[in-house]
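Undergrad: Here it is, the structure in full.
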2 protein chains.
Amino acid sequence: MTVGSLAVIGLGPGPADWLTPEASRLLGEATDLIGYEPYVARVADRPGLVRHASDNRVELDRARHALALAASGRHVAVVSGGDPGVFAMAAAVFEAIEAGAPDWRGLDIRVAPGVSAMQAAAARLGAPLGHDFCVMSLSDNLKPWAIIEKRLRAVADGDFVLALYNPASKARPTQLSDAFALLRDLKDSDTPVAFARAVGRPDERIVITTLGQADASLADMSTLVLIGSSETRLVSRPDGSAWLLTPRHYGVPR
Amino acid sequence: MTVGSLAVIGLGPGPADWLTPEASRLLGEATDLIGYEPYVARVADRPGLVRHASDNRVELDRARHALALAASGRHVAVVSGGDPGVFAMAAAVFEAIEAGAPDWRGLDIRVAPGVSAMQAAAARLGAPLGHDFCVMSLSDNLKPWAIIEKRLRAVADGDFVLALYNPASKARPTQLSDAFALLRDLKDSDTPVAFARAVGRPDERIVITTLGQADASLADMSTLVLIGSSETRLVSRPDGSAWLLTPRHYGVPR
């Protein structure tokens, strides 16, 4: 019997500079590459590597396909942008295993972490995640809007910094403005907000504003939105720009 | 005038396999290396590299020292384990800038993200962070216990997965057991809990249990504690072990 394997690999936010050596090595060992087309396109071609690109909405089909190939003896790399464990392919793979063929549970499966969009955004901005924070996807494809609202309220109650993934899409144009409206009732309007788009890629764009002024139309599916806690503040620079800082202390008079 | 620079670099959880190419390159360009001794010790020595190791409790002194050296024209690398933006040196550096010499605001400062402990732990465990989650430090050195309690309640109210950094130390032996006691009143006792110690290092140890059974004495300062949401569950393997999965869907009948 040929023994296959499946690696769920994080490519990081884009630049090769953020691709871990583990991810590079596993990509080099794969016979089959599976993922959403723009991520598959990031991996250099080489003889013997079979590429299976797919649409973004079919994570579970993609995971089943990968598992079936691994069960047949192939060495499969499933690729995600960022970290596969954060709103990416790792959950889809283990969901497929849970509901799938019993022998899939015995497969050699490895998850290779990567730098996630919130970390790249935070690095560019300074230290906005320097204290306790929450991480949410605003997509309601897979969860009811009621749980999103409940969680936004909990984040405000706990005075956490918030990192928002999937803030907008053509199918869901009002999610982010609805989230801002809810949070404006619960948090100070001066709370810093950052839109960090495509950090590390040629079309990177950073906008720092406040919750009161934040314009949801600045976000697309490549944007990570960060919303501060009551402690988050700007540290101004001589060129007129600023870093974002959430200090390690909480509740210390400034 | 000699122009210096400061890079705040994430070394990842330990193995070189998780050190990004950006971090490697910046370490190679540094004239001075500053950090908590075990992190400085991870960086290979080379001629011309001046090493400044220090104790763990002096982040702000260390940040000031690094900034003063950069202002004097040196190329300084401040190193953290994991990601410097997540409970590590980035916040201390920007706090020091905020309170420090005005010319520090004009320095060439770069933050290089890294794989954080929660991501390494999640990768080993399966996909526990596959849905919305919160990240907290249990250390009350820098924040009152009251805000920790408030945030733990908010995490339970929002039914988030929770990643806990700094769960224990000799100076604070009861923090984690106090946190478990608080959460047991708010969450199901069957909620999965994982202790992920030193993931990727030779002394790695993973324990999966439940909130009802969780023994706080399993955690030390090298342990990341993960506590599930109501959706987090085990996916069993033929060898008796299990993966942890928080699925992408919320509130779907199983």
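Residues in the structure tokens are named by chain (A, B, ... in the order shown) and by number from 1 within that chain; ligands are numbered from 1 in the order shown.
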For region 210-221 of chain B, please output as a PyMOL selection string all residues within 8 Å (counting only C-alpha atoms; exclusion window: fewer than 4 positions along the same chain).

TA: chain B and resi 166-169+176-177+180+184+188-195+197+225+227

Undergrad: Keeping only C-alpha atoms, take the residues you just selected and write them out as a PDB file, in the first residue's frame.

TA:
ATOM      1  CA  ASN B 166       1.275  33.532  30.572  1.00  0.00           C
ATOM      2  CA  PRO B 167      -1.090  31.199  32.426  1.00  0.00           C
ATOM      3  CA  ALA B 168       1.167  30.679  35.431  1.00  0.00           C
ATOM      4  CA  SER B 169       4.326  31.724  37.176  1.00  0.00           C
ATOM      5  CA  LEU B 176      -5.142  29.869  36.060  1.00  0.00           C
ATOM      6  CA  SER B 177      -7.104  27.899  38.645  1.00  0.00           C
ATOM      7  CA  PHE B 180     -10.926  27.960  35.373  1.00  0.00           C
ATOM      8  CA  ARG B 184     -16.769  26.689  35.029  1.00  0.00           C
ATOM      9  CA  ASP B 188     -20.229  23.690  29.936  1.00  0.00           C
ATOM     10  CA  SER B 189     -17.926  21.410  31.910  1.00  0.00           C
ATOM     11  CA  ASP B 190     -17.427  19.271  28.774  1.00  0.00           C
ATOM     12  CA  THR B 191     -15.833  22.210  26.920  1.00  0.00           C
ATOM     13  CA  PRO B 192     -12.517  20.997  25.474  1.00  0.00           C
ATOM     14  CA  VAL B 193      -9.360  22.462  27.018  1.00  0.00           C
ATOM     15  CA  ALA B 194      -5.817  21.950  25.718  1.00  0.00           C
ATOM     16  CA  PHE B 195      -2.478  22.557  27.400  1.00  0.00           C
ATOM     17  CA  ARG B 197       3.610  23.326  26.174  1.00  0.00           C
ATOM     18  CA  VAL B 225      -3.879  27.111  27.242  1.00  0.00           C
ATOM     19  CA  ILE B 227     -10.393  26.754  25.959  1.00  0.00           C
TER      20      ILE B 227
END

Undergrad: When the cut-off is 7 Å and we count only C-alpha atoms, which residues of chain A are near chain B, given as a PyMOL selection string?

TA: chain A and resi 17-22+85-87+90-91+94-95+98+105-106+111-115+119-120+122-124+127+129-137+142-143+150-151+154-155+157-158+235+237-238+245-250

Undergrad: Region 123-252 of chain A: which residues are strand (DSSP E or B) by DSSP, as an MDAnalysis selection string?

TA: chainID A and resid 126:127 133:137 161:165 169 172 192:197 205:210 223:227 233:236 242:245

Undergrad: Separation of CA of His65 (chain B) and CA of Thr31 (chain B), in Å?

TA: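 Between these atoms lies a distance of 13.9 Å.
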
Undergrad: State, in Å with one decimal place, the distance from CA of Ser5 (chain B) to CA of Ala117 (chain A).

TA: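 Taking CA of Ser5 (chain B) as the start and CA of Ala117 (chain A) as the end point, the length is 24.7 Å.
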
Undergrad: Going by DSSP on the backbone, which bits of region 85-126 of chain A are alpha helix (DSSP H)? Write them as a PyMOL selection string, please.

TA: chain A and resi 89-99+117-125

Undergrad: Please provide the set of residues having any atom within 8 Å of Leu49 (chain A), restricted to only C-alpha atoms, with same-chain residues fewer than 5 positions apart removed, written as a PyMOL selection string.

TA: chain A and resi 30-33

Undergrad: Within 9 Å of region 35-47 of chain B, counting only C-alpha atoms, which residues qualify if same-chain residues fewer than 3 places away don't, as an mmCIF file with all heavy atoms, in the first residue's frame?

TA:
data_model
loop_
_atom_site.group_PDB
_atom_site.id
_atom_site.type_symbol
_atom_site.label_atom_id
_atom_site.label_comp_id
_atom_site.auth_asym_id
_atom_site.auth_seq_id
_atom_site.Cartn_x
_atom_site.Cartn_y
_atom_site.Cartn_z
ATOM 1 N N LEU B 11 10.961 35.598 16.636
ATOM 2 C CA LEU B 11 11.749 34.388 16.343
ATOM 3 C C LEU B 11 10.860 33.163 16.166
ATOM 4 O O LEU B 11 11.358 32.082 15.874
ATOM 5 C CB LEU B 11 12.753 34.120 17.463
ATOM 6 C CG LEU B 11 13.797 35.212 17.727
ATOM 7 C CD1 LEU B 11 14.712 34.789 18.871
ATOM 8 C CD2 LEU B 11 14.608 35.497 16.465
ATOM 9 N N GLY B 14 10.308 28.626 18.310
ATOM 10 C CA GLY B 14 11.559 27.949 18.659
ATOM 11 C C GLY B 14 12.300 27.380 17.463
ATOM 12 O O GLY B 14 13.408 27.794 17.173
ATOM 13 N N LEU B 27 18.179 39.715 11.177
ATOM 14 C CA LEU B 27 19.172 39.290 12.170
ATOM 15 C C LEU B 27 20.577 39.351 11.576
ATOM 16 O O LEU B 27 21.539 39.715 12.262
ATOM 17 C CB LEU B 27 18.875 37.861 12.658
ATOM 18 C CG LEU B 27 17.634 37.705 13.541
ATOM 19 C CD1 LEU B 27 17.298 36.231 13.749
ATOM 20 C CD2 LEU B 27 17.838 38.406 14.890
ATOM 21 N N GLY B 28 20.681 39.030 10.286
ATOM 22 C CA GLY B 28 21.987 39.061 9.616
ATOM 23 C C GLY B 28 22.522 40.468 9.416
ATOM 24 O O GLY B 28 23.736 40.663 9.253
ATOM 25 N N VAL B 50 27.126 42.417 18.498
ATOM 26 C CA VAL B 50 27.210 42.651 19.940
ATOM 27 C C VAL B 50 25.923 42.158 20.594
ATOM 28 O O VAL B 50 24.836 42.555 20.179
ATOM 29 C CB VAL B 50 27.424 44.154 20.241
ATOM 30 C CG1 VAL B 50 27.586 44.369 21.740
ATOM 31 C CG2 VAL B 50 28.619 44.694 19.469
ATOM 32 N N ARG B 51 26.053 41.296 21.585
ATOM 33 C CA ARG B 51 24.884 40.692 22.228
ATOM 34 C C ARG B 51 24.613 41.355 23.569
ATOM 35 O O ARG B 51 25.508 41.502 24.390
ATOM 36 C CB ARG B 51 25.138 39.193 22.426
ATOM 37 C CG ARG B 51 25.547 38.505 21.135
ATOM 38 C CD ARG B 51 26.116 37.131 21.393
ATOM 39 N NE ARG B 51 25.066 36.150 21.600
ATOM 40 C CZ ARG B 51 24.476 35.485 20.606
ATOM 41 N NH1 ARG B 51 24.842 35.685 19.355
ATOM 42 N NH2 ARG B 51 23.531 34.621 20.867
ATOM 43 N N HIS B 52 23.342 41.733 23.797
ATOM 44 C CA HIS B 52 22.944 42.360 25.058
ATOM 45 C C HIS B 52 21.786 41.540 25.634
ATOM 46 O O HIS B 52 20.622 41.837 25.352
ATOM 47 C CB HIS B 52 22.453 43.791 24.850
ATOM 48 C CG HIS B 52 23.351 44.666 24.028
ATOM 49 N ND1 HIS B 52 24.234 45.570 24.571
ATOM 50 C CD2 HIS B 52 23.503 44.797 22.684
ATOM 51 C CE1 HIS B 52 24.877 46.221 23.619
ATOM 52 N NE2 HIS B 52 24.455 45.775 22.457
ATOM 53 N N ALA B 53 22.078 40.512 26.391
ATOM 54 C CA ALA B 53 21.003 39.692 26.971
ATOM 55 C C ALA B 53 20.559 40.310 28.287
ATOM 56 O O ALA B 53 21.337 40.937 28.991
ATOM 57 C CB ALA B 53 21.480 38.265 27.185
ATOM 58 N N SER B 54 19.282 40.121 28.615
ATOM 59 C CA SER B 54 18.797 40.695 29.870
ATOM 60 C C SER B 54 17.749 39.799 30.484
ATOM 61 O O SER B 54 17.253 38.853 29.889
ATOM 62 C CB SER B 54 18.239 42.098 29.635
ATOM 63 O OG SER B 54 17.127 42.043 28.771
ATOM 64 N N ASP B 55 17.381 40.149 31.687
ATOM 65 C CA ASP B 55 16.347 39.484 32.445
ATOM 66 C C ASP B 55 14.980 39.725 31.796
ATOM 67 O O ASP B 55 14.806 40.637 31.014
ATOM 68 C CB ASP B 55 16.387 40.080 33.867
ATOM 69 C CG ASP B 55 15.455 39.375 34.810
ATOM 70 O OD1 ASP B 55 15.834 38.319 35.349
ATOM 71 O OD2 ASP B 55 14.335 39.879 34.995
ATOM 72 N N ASN B 56 13.983 38.897 32.147
ATOM 73 C CA ASN B 56 12.663 38.974 31.505
ATOM 74 C C ASN B 56 11.813 40.135 31.994
ATOM 75 O O ASN B 56 10.826 40.499 31.367
ATOM 76 C CB ASN B 56 11.903 37.651 31.749
ATOM 77 C CG ASN B 56 10.723 37.491 30.802
ATOM 78 O OD1 ASN B 56 10.681 38.132 29.765
ATOM 79 N ND2 ASN B 56 9.787 36.635 31.156
ATOM 80 N N ARG B 57 12.158 40.744 33.150
ATOM 81 C CA ARG B 57 11.232 41.703 33.772
ATOM 82 C C ARG B 57 11.527 43.149 33.406
ATOM 83 O O ARG B 57 11.042 44.056 34.048
ATOM 84 C CB ARG B 57 11.337 41.584 35.295
ATOM 85 C CG ARG B 57 11.173 40.173 35.781
ATOM 86 C CD ARG B 57 9.883 40.007 36.529
ATOM 87 N NE ARG B 57 9.899 38.702 37.185
ATOM 88 C CZ ARG B 57 9.875 38.541 38.494
ATOM 89 N NH1 ARG B 57 9.816 39.585 39.286
ATOM 90 N NH2 ARG B 57 9.889 37.347 39.014
ATOM 91 N N VAL B 58 12.379 43.368 32.432
ATOM 92 C CA VAL B 58 12.850 44.730 32.207
ATOM 93 C C VAL B 58 12.598 45.150 30.764
ATOM 94 O O VAL B 58 13.414 45.795 30.139
ATOM 95 C CB VAL B 58 14.354 44.844 32.540
ATOM 96 C CG1 VAL B 58 14.575 44.690 34.029
ATOM 97 C CG2 VAL B 58 15.161 43.804 31.782
ATOM 98 N N GLU B 59 11.406 44.818 30.252
ATOM 99 C CA GLU B 59 11.123 45.100 28.844
ATOM 100 C C GLU B 59 11.333 46.574 28.494
ATOM 101 O O GLU B 59 11.863 46.898 27.430
ATOM 102 C CB GLU B 59 9.669 44.737 28.478
ATOM 103 C CG GLU B 59 9.384 43.247 28.394
ATOM 104 C CD GLU B 59 8.829 42.696 29.675
ATOM 105 O OE1 GLU B 59 8.907 43.397 30.716
ATOM 106 O OE2 GLU B 59 8.320 41.568 29.649
ATOM 107 N N ARG B 62 14.947 47.594 28.396
ATOM 108 C CA ARG B 62 15.527 46.965 27.218
ATOM 109 C C ARG B 62 15.146 47.751 25.954
ATOM 110 O O ARG B 62 15.971 48.005 25.077
ATOM 111 C CB ARG B 62 14.955 45.552 27.133
ATOM 112 C CG ARG B 62 15.732 44.597 26.298
ATOM 113 C CD ARG B 62 14.948 43.314 26.158
ATOM 114 N NE ARG B 62 14.797 42.591 27.411
ATOM 115 C CZ ARG B 62 13.791 41.758 27.687
ATOM 116 N NH1 ARG B 62 12.837 41.544 26.798
ATOM 117 N NH2 ARG B 62 13.740 41.159 28.847
ATOM 118 N N ALA B 63 13.882 48.180 25.888
ATOM 119 C CA ALA B 63 13.415 48.955 24.737
ATOM 120 C C ALA B 63 14.147 50.291 24.669
ATOM 121 O O ALA B 63 14.590 50.725 23.594
ATOM 122 C CB ALA B 63 11.904 49.179 24.838
ATOM 123 N N ALA B 77 18.703 44.842 16.592
ATOM 124 C CA ALA B 77 17.641 43.836 16.512
ATOM 125 C C ALA B 77 17.170 43.514 17.923
ATOM 126 O O ALA B 77 17.948 43.054 18.751
ATOM 127 C CB ALA B 77 18.153 42.570 15.835
ATOM 128 N N VAL B 78 15.901 43.809 18.191
ATOM 129 C CA VAL B 78 15.273 43.404 19.458
ATOM 130 C C VAL B 78 14.510 42.121 19.169
ATOM 131 O O VAL B 78 13.657 42.099 18.276
ATOM 132 C CB VAL B 78 14.304 44.492 19.950
ATOM 133 C CG1 VAL B 78 13.502 43.992 21.150
ATOM 134 C CG2 VAL B 78 15.064 45.762 20.314
ATOM 135 N N VAL B 79 14.820 41.043 19.898
ATOM 136 C CA VAL B 79 14.188 39.764 19.580
ATOM 137 C C VAL B 79 13.188 39.336 20.652
ATOM 138 O O VAL B 79 13.376 39.565 21.831
ATOM 139 C CB VAL B 79 15.238 38.644 19.365
ATOM 140 C CG1 VAL B 79 16.035 38.904 18.099
ATOM 141 C CG2 VAL B 79 16.171 38.512 20.563
ATOM 142 N N SER B 80 12.084 38.744 20.159
ATOM 143 C CA SER B 80 11.053 38.147 21.004
ATOM 144 C C SER B 80 10.836 36.716 20.536
ATOM 145 O O SER B 80 11.007 36.418 19.351
ATOM 146 C CB SER B 80 9.715 38.880 20.814
ATOM 147 O OG SER B 80 9.677 40.108 21.467
ATOM 148 N N GLY B 81 10.399 35.838 21.424
ATOM 149 C CA GLY B 81 9.862 34.565 20.963
ATOM 150 C C GLY B 81 8.519 34.826 20.296
ATOM 151 O O GLY B 81 7.887 35.854 20.535
ATOM 152 N N MET B 89 7.749 42.202 22.645
ATOM 153 C CA MET B 89 8.501 43.447 22.742
ATOM 154 C C MET B 89 7.965 44.642 21.938
ATOM 155 O O MET B 89 8.349 45.780 22.212
ATOM 156 C CB MET B 89 9.972 43.203 22.373
ATOM 157 C CG MET B 89 10.794 42.545 23.483
ATOM 158 S SD MET B 89 10.870 43.522 25.039
ATOM 159 C CE MET B 89 11.726 44.995 24.490
#

Undergrad: So how far away is CA of Ser222 (chain A) from CA of Val207 (chain A), in Å?

TA: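 Answer for the CA of Val207 (chain A) to CA of Ser222 (chain A) separation: 13.5 Å.
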
Undergrad: Nearest to Gly82 (chain B) among B:Ala68, B:Leu224, B:Leu60, B:Leu26, with distances taken over only C-alpha atoms: which residue is it?

TA: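 That would be B:Leu224, the residue with the smallest distance to Gly82 (chain B).
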